[in-house]
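Visitor: Sharing target.cif (mmCIF, C-alpha atoms and all ligand atoms) below.
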data_structure
#
loop_
_atom_site.label_atom_id
_atom_site.label_comp_id
_atom_site.auth_asym_id
_atom_site.auth_seq_id
_atom_site.Cartn_x
_atom_site.Cartn_y
_atom_site.Cartn_z
CA MET A 19 -5.18 36.92 -7.87
CA ASP A 20 -6.19 33.60 -9.38
CA MET A 21 -4.10 32.35 -12.26
CA LYS A 22 -5.17 30.26 -15.19
CA LEU A 23 -3.72 26.76 -15.29
CA GLY A 24 -1.73 27.71 -18.36
CA CYS A 25 0.20 30.25 -16.28
CA PHE A 26 1.14 27.66 -13.72
CA PRO A 27 4.71 26.93 -14.87
CA SER A 28 5.57 30.57 -15.19
CA VAL A 29 4.49 31.57 -11.70
CA ILE A 30 6.19 28.83 -9.77
CA SER A 31 9.88 28.31 -9.94
CA PRO A 32 11.48 24.96 -9.46
CA ARG A 33 13.65 24.00 -6.54
CA SER A 34 16.77 23.42 -8.63
CA SER A 35 18.61 25.87 -10.79
CA TRP A 36 17.25 24.10 -13.84
CA PRO A 37 14.68 26.51 -15.25
CA LEU A 38 11.27 24.96 -15.50
CA HIS A 39 10.49 26.57 -18.84
CA ALA A 40 13.55 24.89 -20.31
CA ALA A 41 11.98 21.49 -20.00
CA PRO A 42 10.30 20.87 -23.34
CA SER A 43 7.87 18.33 -21.96
CA VAL A 44 6.52 20.39 -19.10
CA PRO A 45 3.48 22.01 -20.71
CA SER A 46 2.16 18.68 -21.94
CA MET A 47 2.40 17.30 -18.43
CA ILE A 48 -0.27 19.64 -17.21
CA THR A 49 -3.37 17.69 -18.04
CA PRO A 50 -7.04 18.58 -17.81
CA PRO A 51 -9.13 17.44 -14.85
CA SER A 52 -9.25 13.68 -14.55
CA VAL A 53 -11.55 13.51 -11.55
CA PRO A 54 -14.90 15.26 -11.13
CA LEU A 55 -14.82 18.28 -8.87
CA SER A 56 -16.04 17.57 -5.40
CA SER A 57 -18.72 19.64 -3.78
CA HIS A 58 -17.14 18.98 -0.41
CA LEU A 59 -13.46 19.46 -1.04
CA SER A 60 -12.86 23.14 -0.72
CA TYR A 61 -9.11 23.53 -0.55
CA GLY A 62 -6.06 21.50 -1.20
CA ILE A 63 -2.52 21.32 -2.33
CA ALA A 64 -1.44 20.50 -5.84
CA SER A 65 1.83 18.80 -6.40
CA ALA A 66 3.63 17.63 -9.44
CA LEU A 67 6.88 15.82 -9.81
CA ILE A 68 8.43 16.81 -13.09
CA ASP A 69 10.76 14.11 -14.24
CA HIS A 70 13.56 15.16 -16.49
CA PRO A 71 16.57 13.15 -17.59
CA GLY A 72 18.97 13.26 -14.73
CA ARG A 73 16.94 15.38 -12.36
CA CYS A 74 13.55 15.72 -10.77
CA THR A 75 11.93 18.96 -9.88
CA LEU A 76 9.08 19.29 -7.52
CA ILE A 77 6.54 21.99 -8.08
CA ARG A 78 3.53 22.66 -6.00
CA ALA A 79 0.79 25.21 -5.76
CA ALA A 80 -2.14 25.87 -3.55
CA VAL A 81 -5.37 24.93 -5.23
CA VAL A 82 -7.99 27.50 -4.62
CA LYS A 83 -11.10 25.61 -5.47
CA ALA A 84 -10.60 21.91 -5.23
CA GLY A 85 -8.29 18.97 -5.47
CA TRP A 86 -5.31 17.46 -3.80
CA GLY A 87 -1.89 16.87 -5.12
CA VAL A 88 -0.43 13.80 -6.65
CA TYR A 89 3.07 12.80 -7.47
CA SER A 90 3.92 11.48 -10.82
CA CYS A 91 4.83 7.93 -11.59
CA ARG A 92 8.05 8.65 -13.43
CA SER A 93 7.23 10.48 -16.63
CA THR A 94 3.45 10.55 -16.25
CA VAL A 95 2.52 13.62 -14.33
CA ARG A 96 -1.03 14.29 -13.42
CA VAL A 97 -1.75 17.63 -11.93
CA PRO A 98 -4.98 17.82 -9.99
CA PHE A 99 -8.06 19.01 -11.49
CA SER A 100 -8.61 22.57 -10.46
CA HIS A 101 -8.42 24.90 -13.42
CA ARG A 102 -7.59 27.84 -11.28
CA PHE A 103 -4.41 28.17 -9.31
CA ARG A 104 -3.00 31.06 -7.41
CA PRO A 105 0.68 31.77 -7.01
CA ALA A 106 0.58 30.55 -3.44
CA ALA A 107 2.79 33.11 -1.81
CA SER A 108 2.52 31.16 1.40
CA LEU A 109 4.06 28.09 -0.19
CA PHE A 110 6.71 29.72 -2.29
CA SER A 111 8.95 32.57 -1.44
CA ARG A 112 8.63 34.78 -4.49
CA GLU A 113 11.74 36.74 -3.61
CA ARG A 114 13.96 33.70 -3.51
CA ALA A 115 11.70 31.81 -5.91
CA THR A 116 12.34 28.51 -4.15
CA PRO A 117 9.77 26.14 -2.79
CA MET A 118 9.62 25.49 0.90
CA GLU A 119 10.97 22.24 2.27
CA ASP A 120 8.89 19.10 1.92
CA GLN A 121 7.72 19.02 5.51
CA ASP A 122 6.57 22.61 5.24
CA VAL A 123 4.55 21.67 2.19
CA ASN A 124 3.13 18.67 4.01
CA ARG A 125 2.27 20.89 6.97
CA LYS A 126 0.46 23.24 4.63
CA ALA A 127 -1.46 20.38 3.05
CA LEU A 128 -2.42 19.07 6.45
CA GLU A 129 -3.58 22.46 7.63
CA GLU A 130 -5.49 23.37 4.55
CA THR A 131 -6.95 20.27 2.93
CA CYS A 132 -10.51 20.49 4.14
CA LEU A 133 -14.01 19.31 3.46
CA THR A 134 -17.07 21.44 3.99
CA LEU A 135 -19.73 20.74 6.61
CA THR A 136 -23.26 22.03 6.22
CA ASN A 137 -26.08 21.67 8.72
CA ALA A 138 -29.04 21.81 6.34
CA GLY A 139 -31.88 23.81 7.87
CA HIS A 140 -29.61 25.99 9.97
CA GLY A 141 -28.69 28.69 7.52
CA GLY A 142 -25.33 29.29 9.18
CA PRO A 143 -22.14 29.50 7.17
CA PRO A 144 -20.53 26.25 6.01
CA VAL A 145 -17.70 25.06 8.20
CA SER A 146 -14.34 23.78 6.94
CA ILE A 147 -13.04 20.61 8.55
CA PRO A 148 -9.43 19.52 7.96
CA ILE A 149 -9.63 16.16 6.23
CA ILE A 150 -7.10 14.56 8.60
CA GLY A 151 -7.28 14.97 12.35
CA LEU A 152 -5.64 13.31 15.32
CA GLY A 153 -7.81 10.84 17.24
CA VAL A 154 -7.06 10.68 20.94
CA TYR A 155 -9.01 7.63 22.12
CA LEU A 156 -7.26 5.60 24.83
CA MET A 157 -4.81 8.35 25.70
CA ASN A 158 -4.52 9.48 29.29
CA ASN A 159 -4.17 13.20 29.95
CA ASN A 160 -0.41 13.16 29.94
CA THR A 161 -0.17 11.21 26.69
CA ALA A 162 -2.91 13.26 25.05
CA PHE A 163 -1.15 16.52 25.96
CA LYS A 164 2.09 15.35 24.37
CA ALA A 165 0.44 13.83 21.30
CA VAL A 166 -1.75 16.86 20.60
CA SER A 167 1.18 19.25 21.15
CA HIS A 168 3.32 17.28 18.72
CA ALA A 169 0.55 16.99 16.15
CA LEU A 170 -0.11 20.73 16.22
CA GLN A 171 3.58 21.40 15.65
CA LEU A 172 3.47 19.18 12.57
CA GLY A 173 0.51 21.02 11.10
CA TYR A 174 -2.45 18.98 12.33
CA ARG A 175 -5.29 21.42 12.92
CA HIS A 176 -8.02 18.98 13.88
CA ILE A 177 -8.35 16.99 17.09
CA ASP A 178 -11.03 14.38 17.73
CA THR A 179 -11.82 13.78 21.39
CA ALA A 180 -14.92 12.83 23.38
CA HIS A 181 -16.27 13.07 26.90
CA LEU A 182 -15.82 9.30 27.05
CA TYR A 183 -12.07 9.54 26.46
CA GLY A 184 -11.53 11.51 29.66
CA ASN A 185 -8.87 13.71 28.10
CA GLU A 186 -10.75 16.84 27.01
CA ARG A 187 -8.86 18.87 29.59
CA ALA A 188 -5.46 17.82 28.25
CA VAL A 189 -6.58 18.50 24.69
CA GLY A 190 -7.59 22.04 25.68
CA ASP A 191 -4.34 22.55 27.58
CA ALA A 192 -2.25 21.43 24.61
CA ILE A 193 -4.15 23.73 22.29
CA ARG A 194 -3.59 26.71 24.55
CA ALA A 195 0.07 25.81 25.08
CA SER A 196 0.60 25.72 21.30
CA LYS A 197 -0.22 29.46 21.08
CA ILE A 198 -1.98 28.73 17.80
CA PRO A 199 -5.08 30.93 17.60
CA ARG A 200 -8.17 29.02 18.72
CA GLU A 201 -9.98 29.69 15.46
CA GLU A 202 -7.27 27.89 13.49
CA ILE A 203 -7.86 24.59 15.29
CA PHE A 204 -10.83 22.35 14.67
CA ILE A 205 -12.01 20.63 17.86
CA THR A 206 -14.51 17.79 17.86
CA THR A 207 -15.96 16.33 21.01
CA LYS A 208 -18.84 13.95 21.57
CA LEU A 209 -21.85 13.50 23.79
CA TRP A 210 -21.73 10.18 25.61
CA ASN A 211 -24.74 7.81 25.74
CA SER A 212 -25.43 8.30 29.45
CA ASP A 213 -25.98 12.02 28.77
CA HIS A 214 -28.73 11.55 26.19
CA GLY A 215 -31.98 13.50 26.70
CA TYR A 216 -32.67 17.21 26.26
CA ALA A 217 -31.49 18.67 29.59
CA ASN A 218 -28.63 16.22 30.00
CA THR A 219 -27.28 17.02 26.55
CA LEU A 220 -27.20 20.76 27.21
CA GLN A 221 -25.47 20.15 30.51
CA ALA A 222 -22.97 17.68 29.03
CA CYS A 223 -22.03 20.14 26.31
CA ASP A 224 -21.35 22.85 28.89
CA HIS A 225 -19.26 20.39 30.84
CA SER A 226 -17.18 19.48 27.78
CA LEU A 227 -16.63 23.15 26.94
CA LYS A 228 -15.46 23.74 30.48
CA GLU A 229 -13.08 20.78 30.39
CA LEU A 230 -11.67 21.91 27.06
CA GLY A 231 -11.52 25.50 28.31
CA VAL A 232 -13.16 26.88 25.16
CA ASP A 233 -16.31 28.87 24.38
CA TYR A 234 -17.30 26.64 21.48
CA VAL A 235 -16.36 23.43 19.74
CA ASP A 236 -16.17 23.17 15.99
CA LEU A 237 -18.10 19.93 15.90
CA TYR A 238 -20.28 18.31 18.54
CA LEU A 239 -21.32 14.73 17.84
CA VAL A 240 -23.87 12.40 19.35
CA HIS A 241 -21.45 9.56 20.05
CA SER A 242 -23.96 6.83 19.26
CA PRO A 243 -27.67 6.26 18.68
CA LEU A 244 -27.88 3.89 21.66
CA SER A 245 -31.05 5.21 23.30
CA PRO A 246 -34.75 4.66 22.70
CA PRO A 247 -36.05 6.70 19.72
CA SER A 248 -37.86 9.34 21.79
CA ILE A 249 -34.71 10.06 23.82
CA ARG A 250 -32.62 10.15 20.65
CA LEU A 251 -34.91 12.79 19.23
CA ASP A 252 -34.91 14.84 22.45
CA THR A 253 -31.13 14.65 22.38
CA TRP A 254 -31.07 15.99 18.85
CA ARG A 255 -33.37 18.91 19.79
CA ALA A 256 -30.77 19.88 22.36
CA MET A 257 -28.03 19.52 19.74
CA GLU A 258 -29.95 21.98 17.54
CA MET A 259 -30.12 24.37 20.47
CA ILE A 260 -26.36 24.01 21.00
CA LEU A 261 -25.75 24.90 17.36
CA LYS A 262 -28.09 27.89 17.50
CA SER A 263 -26.47 29.18 20.67
CA GLY A 264 -23.02 29.11 19.06
CA LYS A 265 -21.57 26.56 21.47
CA ALA A 266 -20.87 24.34 18.47
CA ARG A 267 -20.14 25.56 14.95
CA SER A 268 -21.46 22.32 13.53
CA ILE A 269 -23.39 19.32 14.86
CA GLY A 270 -23.41 15.74 13.73
CA VAL A 271 -23.85 12.13 14.66
CA SER A 272 -21.67 9.08 15.06
CA ASN A 273 -22.44 5.42 14.50
CA TYR A 274 -25.84 6.23 12.98
CA GLY A 275 -27.28 3.66 10.59
CA ILE A 276 -29.60 4.59 7.74
CA HIS A 277 -32.72 3.95 9.83
CA HIS A 278 -31.42 6.29 12.57
CA LEU A 279 -30.78 9.01 10.01
CA LYS A 280 -34.21 8.61 8.42
CA GLU A 281 -35.83 8.81 11.85
CA LEU A 282 -33.89 12.00 12.49
CA PHE A 283 -34.72 13.57 9.12
CA SER A 284 -38.45 13.05 9.77
CA ASN A 285 -38.27 14.78 13.12
CA CYS A 286 -35.62 17.47 13.01
CA GLU A 287 -35.34 21.09 12.08
CA ILE A 288 -31.60 20.96 11.40
CA ARG A 289 -29.89 17.99 9.80
CA PRO A 290 -26.52 16.59 10.92
CA SER A 291 -23.53 17.69 8.87
CA ILE A 292 -21.50 14.53 9.36
CA ASN A 293 -21.71 10.88 10.37
CA GLN A 294 -18.60 9.46 12.04
CA VAL A 295 -18.47 5.69 11.55
CA GLU A 296 -15.88 2.95 11.37
CA LEU A 297 -14.57 2.92 7.80
CA HIS A 298 -11.57 1.25 6.17
CA PRO A 299 -11.15 -1.13 3.24
CA PHE A 300 -12.19 -4.09 5.41
CA ASN A 301 -15.50 -2.38 6.18
CA VAL A 302 -16.55 -0.01 3.40
CA ARG A 303 -20.20 0.28 4.52
CA LYS A 304 -21.42 1.00 1.01
CA ASP A 305 -25.04 1.38 2.12
CA ILE A 306 -24.35 4.04 4.75
CA VAL A 307 -21.79 5.82 2.58
CA ASP A 308 -24.12 6.00 -0.44
CA PHE A 309 -27.01 7.19 1.69
CA CYS A 310 -24.96 9.91 3.41
CA ARG A 311 -23.52 11.11 0.12
CA LYS A 312 -27.03 11.34 -1.34
CA GLU A 313 -28.18 13.34 1.68
CA ASN A 314 -25.11 15.61 1.62
CA ILE A 315 -23.79 14.31 4.91
CA VAL A 316 -20.00 14.10 5.09
CA LEU A 317 -18.52 10.76 6.19
CA GLU A 318 -15.86 10.64 8.85
CA ALA A 319 -13.80 7.45 9.14
CA TYR A 320 -12.82 6.30 12.60
CA SER A 321 -10.41 3.42 13.28
CA PRO A 322 -9.00 4.04 9.78
CA LEU A 323 -5.92 2.00 10.67
CA THR A 324 -8.00 -0.94 11.90
CA ARG A 325 -6.30 -0.28 15.23
CA GLY A 326 -3.24 -1.84 13.65
CA ALA A 327 -4.93 -5.23 13.25
CA ARG A 328 -4.83 -5.48 9.43
CA LEU A 329 -1.71 -3.52 8.56
CA ASN A 330 0.08 -6.65 7.38
CA GLU A 331 -2.49 -7.74 4.81
CA PRO A 332 -0.57 -8.84 1.69
CA ALA A 333 -2.72 -6.79 -0.73
CA LEU A 334 -2.14 -3.69 1.34
CA LYS A 335 1.58 -4.36 1.63
CA LYS A 336 1.90 -4.77 -2.12
CA ILE A 337 0.31 -1.38 -2.81
CA ALA A 338 2.38 0.23 -0.06
CA LYS A 339 5.58 -1.16 -1.57
CA GLU A 340 4.72 0.19 -5.00
CA HIS A 341 4.28 3.70 -3.57
CA ARG A 342 7.14 3.40 -1.09
CA LYS A 343 4.69 4.20 1.66
CA THR A 344 3.60 2.35 4.77
CA THR A 345 0.38 0.37 4.90
CA ALA A 346 -0.95 2.90 7.43
CA GLN A 347 -0.37 5.68 4.89
CA ILE A 348 -2.19 3.68 2.21
CA LEU A 349 -5.21 3.29 4.50
CA ILE A 350 -5.26 7.01 5.27
CA ARG A 351 -4.81 7.95 1.63
CA TRP A 352 -7.72 5.62 0.77
CA CYS A 353 -9.88 7.72 3.12
CA VAL A 354 -8.64 11.00 1.64
CA GLN A 355 -9.41 9.87 -1.92
CA LYS A 356 -12.86 8.69 -0.80
CA GLU A 357 -13.37 12.17 0.65
CA PHE A 358 -13.81 10.79 4.13
CA VAL A 359 -12.58 12.97 6.95
CA THR A 360 -10.33 10.71 8.98
CA ILE A 361 -8.80 10.74 12.44
CA PRO A 362 -5.99 8.19 12.84
CA LYS A 363 -4.84 7.85 16.42
CA SER A 364 -1.24 7.57 17.47
CA ALA A 365 0.57 8.52 20.63
CA LYS A 366 3.96 8.05 18.95
CA PRO A 367 5.59 11.16 17.44
CA ALA A 368 7.06 9.30 14.44
CA ARG A 369 3.69 7.74 13.59
CA ILE A 370 1.83 11.02 14.04
CA LEU A 371 4.15 12.41 11.37
CA GLU A 372 3.91 9.30 9.18
CA ASN A 373 0.12 9.38 9.27
CA SER A 374 0.13 12.93 7.97
CA GLN A 375 2.41 12.28 5.00
CA VAL A 376 -0.22 11.22 2.53
CA PHE A 377 -0.46 14.23 0.24
CA ASP A 378 2.44 13.37 -2.04
CA PHE A 379 1.09 10.34 -3.86
CA GLU A 380 -2.11 9.07 -5.40
CA LEU A 381 -3.73 5.66 -5.45
CA SER A 382 -4.86 4.72 -8.92
CA GLU A 383 -8.46 3.82 -9.64
CA ALA A 384 -7.39 0.17 -9.91
CA GLU A 385 -5.70 0.35 -6.51
CA MET A 386 -8.74 2.00 -4.96
CA SER A 387 -10.93 -0.80 -6.37
CA GLN A 388 -8.49 -3.41 -5.14
CA LEU A 389 -8.68 -1.92 -1.66
CA ASP A 390 -12.49 -1.73 -1.83
CA SER A 391 -12.54 -5.41 -2.71
CA LEU A 392 -11.02 -6.25 0.69
CA ASP A 393 -14.40 -5.44 2.22
CA GLU A 394 -15.72 -8.11 4.53
CA GLY A 395 -17.87 -5.97 6.81
CA TRP A 396 -15.23 -6.47 9.50
CA VAL A 397 -15.64 -4.36 12.65
CA VAL A 398 -12.71 -3.58 14.94
CA ALA A 399 -14.33 -1.09 17.35
CA TRP A 400 -18.07 -1.42 17.91
CA ASP A 401 -21.12 -1.26 15.69
CA PRO A 402 -24.17 0.58 17.00
CA THR A 403 -25.32 1.35 13.43
CA LYS A 404 -27.62 -1.67 13.50
CA ALA A 405 -29.16 -0.98 16.91
CA GLN A 406 -32.89 -0.29 17.09
N1 LIG B 501 -17.15 7.61 17.27
C1 LIG B 501 -16.72 6.45 17.71
O1 LIG B 501 -17.49 5.60 18.17
C2 LIG B 501 -15.26 6.13 17.64
C3 LIG B 501 -14.83 4.82 17.83
C4 LIG B 501 -13.47 4.55 17.73
C5 LIG B 501 -12.57 5.56 17.46
N2 LIG B 501 -13.02 6.85 17.30
C6 LIG B 501 -12.08 7.96 17.02
O2 LIG B 501 -11.23 7.57 15.93
C7 LIG B 501 -9.88 7.63 16.34
C8 LIG B 501 -9.06 6.58 15.60
O3 LIG B 501 -9.56 5.29 15.79
P1 LIG B 501 -8.87 4.21 16.74
O4 LIG B 501 -8.10 4.87 17.80
O5 LIG B 501 -9.95 3.27 17.15
O6 LIG B 501 -7.92 3.37 15.80
P2 LIG B 501 -6.89 3.63 14.61
O7 LIG B 501 -6.63 5.06 14.43
O8 LIG B 501 -7.36 2.82 13.47
O9 LIG B 501 -5.59 2.90 15.14
C9 LIG B 501 -4.91 3.31 16.28
C10 LIG B 501 -3.88 2.22 16.59
O10 LIG B 501 -2.95 2.09 15.51
C11 LIG B 501 -1.61 2.36 15.98
N3 LIG B 501 -0.97 3.17 14.93
C12 LIG B 501 -1.17 4.48 14.67
N4 LIG B 501 -0.43 4.87 13.63
C13 LIG B 501 0.25 3.79 13.21
C14 LIG B 501 1.19 3.57 12.18
N5 LIG B 501 1.54 4.54 11.35
N6 LIG B 501 1.71 2.33 12.04
C15 LIG B 501 1.34 1.31 12.87
N7 LIG B 501 0.45 1.46 13.87
C16 LIG B 501 -0.10 2.70 14.05
C17 LIG B 501 -1.77 3.10 17.28
O11 LIG B 501 -0.72 2.81 18.16
P3 LIG B 501 0.21 3.97 18.80
O12 LIG B 501 -0.67 4.96 19.49
O13 LIG B 501 1.07 3.20 19.73
O14 LIG B 501 0.96 4.55 17.65
C18 LIG B 501 -3.07 2.53 17.83
O15 LIG B 501 -2.82 1.30 18.47
C19 LIG B 501 -9.94 7.46 17.84
O16 LIG B 501 -8.77 7.86 18.50
C20 LIG B 501 -11.15 8.29 18.17
O17 LIG B 501 -10.81 9.66 18.15
C21 LIG B 501 -14.35 7.13 17.36
#
Represent the supplied structure as C-alpha cells.
Ligand SMILES: NC(=O)c1ccc[n+]([C@@H]2O[C@H](COP(=O)([O-])OP(=O)(O)OC[C@H]3O[C@@H](n4cnc5c(N)ncnc54)[C@H](OP(=O)(O)O)[C@@H]3O)[C@@H](O)[C@H]2O)c1
Guide:
Amino acid sequence: MDMKLGCFPSVISPRSSWPLHAAPSVPSMITPPSVPLSSHLSYGIASALIDHPGRCTLIRAAVVKAGWGVYSCRSTVRVPFSHRFRPAASLFSRERATPMEDQDVNRKALEETCLTLTNAGHGGPPVSIPIIGLGVYLMNNNTAFKAVSHALQLGYRHIDTAHLYGNERAVGDAIRASKIPREEIFITTKLWNSDHGYANTLQACDHSLKELGVDYVDLYLVHSPLSPPSIRLDTWRAMEMILKSGKARSIGVSNYGIHHLKELFSNCEIRPSINQVELHPFNVRKDIVDFCRKENIVLEAYSPLTRGARLNEPALKKIAKEHRKTTAQILIRWCVQKEFVTIPKSAKPARILENSQVFDFELSEAEMSQLDSLDEGWVVAWDPTKAQ
C-alpha cells in the first residue's frame, strides 16, 4: 500500500536505538519536491541522512513513482520529490525494524533505479532500463565473464555488450552462471556496421542471440549510422522486424546525429527508444541531448569516465573532495542526475563496486552547472554523429 509522505517517519525505523519520532527536527526535514518529476524515471531509492547532535541516522525508502535519494549536507536534509512512498518491505525488515546494510541498499538502488524506454509507433509495453549498467568493451571472454559475474553479485542488472566486442558468449555464460532469472537482467547488444542492410541485420541479430544464448535481448542498437542512407533505412526496417518478432524488447540507435534521427523519423514506422552517444562533462552535446529529449528518446552515455583520461581535472577533483567521492563517481552521478542511462566499464572488482556507489549523494545545481561548463566538445572514443 502506498503511504503519504507525511507517514514516512512512522513507517520506517532508524538504524540506531534512538527513536526517529523523538527527534524534534525530523518532520521539518521532509521537504516538498525540489525537482520536477521526470517522465522517464520510473523507480528509485530515497535516502535521507538525519543529523542529530551526537548521532546520525540513515533512513531510506523505496520511491514508487520517481526520484532518487540524496544524502544531507549536515543539517539540511532534502528528501527526493516523490509524494508517495511505500514501506519498502524489501529494504527494511519490519519484524526487526532495522534497515539493511549500506551495500544492500546500494544493491537495491542499482537494481531498481530505472528509466523507461518507449518505441513510439510500436504499441508494445514500455521497457525499464536500469540507469547504470556495466560496459564490457575491450574485455576478452575470460575478463568479461569475471567482470559480469562480479557486477551481477553487486546488484548490477544491466550489461552493455556488442557484436564488435567479441564477448557476447562470455556475457551470456556469466548471466546463466549467476542463476539470476533472465528477465531480471537487462542485456544490450549492438549491430556492427558491416552487418548493415535488411537481410544482414536479421542474420546478425540471430547470431548475437545465439552467442549470448538467449531468446531475446532487452535492447538492440544500431552501433553507428556509418552506411549510406538507403542502407541505414533498410537496416532500420529489419530492426523494426526484430522488435515485432520479440527478439528484442526495445530497439535503438547509437552515435546518431540529429540529421540521422530526422532521416529515420521521416522513413520509419517505429521510432528508436534510445540514442547511445559519448557523453560526459567534457562533451555535453547539448544539441543532440535537447533534440532527443524533445523527441522522447532516452540518452545513454558511453565512455562516461572519459576512459580515465580526465579523472584528474582540478574542477572535478574539487567537487569529489567535497562529497568524499572519487572523480569517477562524480562523473557517473552527473549522468544519473541528467537522466542519462550510463554504462561505465571496469574489469576491476573494486572499481565495479565504486562505480555503482553513486546513490547516496547529490550534486547541487551549482555543481552540475560547473561540470557542464567543462564542455569543450572533446571526444575520447569516436564520433560518427557528424557523418553523412
Ligand atoms: N556505442 C558506442 O559506440 C560505444 C563506444 C564506446 C563505448 N561504448 C560502451 O560504453 C562502455 C563504457 O565506455 P568506455 O569503455 O569507452 O570508457 P569508460 O567507461 O569511460 O572508461 C573505462 C576506463 O576507465 C577505467 N575505470 C573504470 N572505472 C574506474 C574508476 N572508478 N577509476 C579509475 N578508472 C576507472 C577502466 O579501467 P579498468 O577496466 O582497468 O578499471 C577503463 O580503462 C563500453 O564498455 C561500451 O560498453 C559504446
Visitor: Which centre and which edge lengths, in Å to one decimal, describe the axis-aligned box that holds all listed atoms of ligand LIG 501 (chain B) after 6 Å is added on each side, as lines of an AutoDock Vina configuration file?
Guide:
center_x = -7.9
center_y = 5.5
center_z = 15.5
size_x = 31.2
size_y = 20.4
size_z = 20.4
Visitor: Could you give me the residues within 6 Å of ligand LIG 501 (chain B), counting all atoms listed in the file, as a PyMOL selection string?
Guide: chain A and resi 153-155+178-179+241+272+294+320-326+346+361-366+369+372-373+399
Visitor: Would you kindly return, as a VMD selection string, each protein, DNA or RNA residue with an atom no farther than 12 Å from any atom of Leu227 (chain A), considering only C-alpha atoms and excluding same-chain residues fewer than 6 positions away?
Guide: chain A and resid 179 to 181 186 to 187 189 to 190 205 to 209 220 to 221 233 to 238 260 264 to 266
Visitor: Nearest to Val316 (chain A): which of A:Ala127, A:Ala138, A:Leu156, A:Ile337 is it, counting only C-alpha atoms?
Guide: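 Between A:Ala127, A:Ala138, A:Leu156, A:Ile337, the residue approaching Val316 (chain A) most closely is A:Ala138.
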Visitor: Point out the residue among A:Lys262, A:Arg175, A:Arg255, A:Arg250 with the least atom-to-atom distance to Glu202 (chain A), counting only C-alpha atoms.
Guide: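 Using only C-alpha atoms, Glu202 (chain A) sits closest to A:Arg175.
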Visitor: Would you mind reading off the distance between CA of Cys286 (chain A) and CA of Ser263 (chain A), one decimal, in Å?
Guide: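 It comes out at 16.7 Å.
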Visitor: If you measure from CA of Asn285 (chain A) to CA of Pro148 (chain A), what distance in Å do you get, rounded to one decimal?
Guide: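 Here the two named atoms are 29.7 Å from each other.
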Visitor: Have a look at A:Glu331, A:Glu340, A:Glu318, A:Asp401 and name the one nearest to Thr360 (chain A); count only C-alpha atoms.
Guide: A:Glu318
Visitor: Counting all atoms listed in the file, what is within 8 Å of Gly270 (chain A), bar same-chain residues fewer than 2 positions away, as a ChimeraX atom specification?
Guide: /A:237-240,268,272,289-293
Visitor: Do you have the CA of Asp120 (chain A)-CA of Thr134 (chain A) distance handy?
Guide: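 That distance, rounded to one decimal, is 26.1 Å.
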Visitor: Using only C-alpha atoms, which residues sit within 6 Å of region 158-173 of chain A once same-chain residues fewer than 3 positions away are excluded, as a JSON list (two decimals) with C-alpha atoms, in the coordinates of the input?
Guide:
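Written file, around21.json:
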[["chain", "number", "residue", "atom", "x", "y", "z"],
["A", 125, "ARG", "CA", 2.27, 20.89, 6.97],
["A", 128, "LEU", "CA", -2.42, 19.07, 6.45],
["A", 129, "GLU", "CA", -3.58, 22.46, 7.63],
["A", 185, "ASN", "CA", -8.87, 13.71, 28.10],
["A", 188, "ALA", "CA", -5.46, 17.82, 28.25],
["A", 189, "VAL", "CA", -6.58, 18.50, 24.69],
["A", 192, "ALA", "CA", -2.25, 21.43, 24.61],
["A", 365, "ALA", "CA", 0.57, 8.52, 20.63]]
Visitor: Measuring between only C-alpha atoms, which one of A:Lys339, A:Glu229, A:Ile147, A:Leu244 shows the shortest distance to Ile203 (chain A)?
Guide: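 With only C-alpha atoms as the atom set, the closest residue is A:Ile147.
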Visitor: Between A:Ala405, A:Tyr183, A:Asp122, A:Glu201, which is the closest to Ser146 (chain A) once you count only C-alpha atoms?
Guide: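 That would be A:Glu201, the residue with the smallest distance to Ser146 (chain A).
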Visitor: Excluding region 382-398 of chain A and its own-chain neighbours fewer than 4 positions away, which residues fall within 6 Å of it when counting all atoms listed in the file? Please give them as a PyMOL selection string.
Guide: chain A and resi 299-302
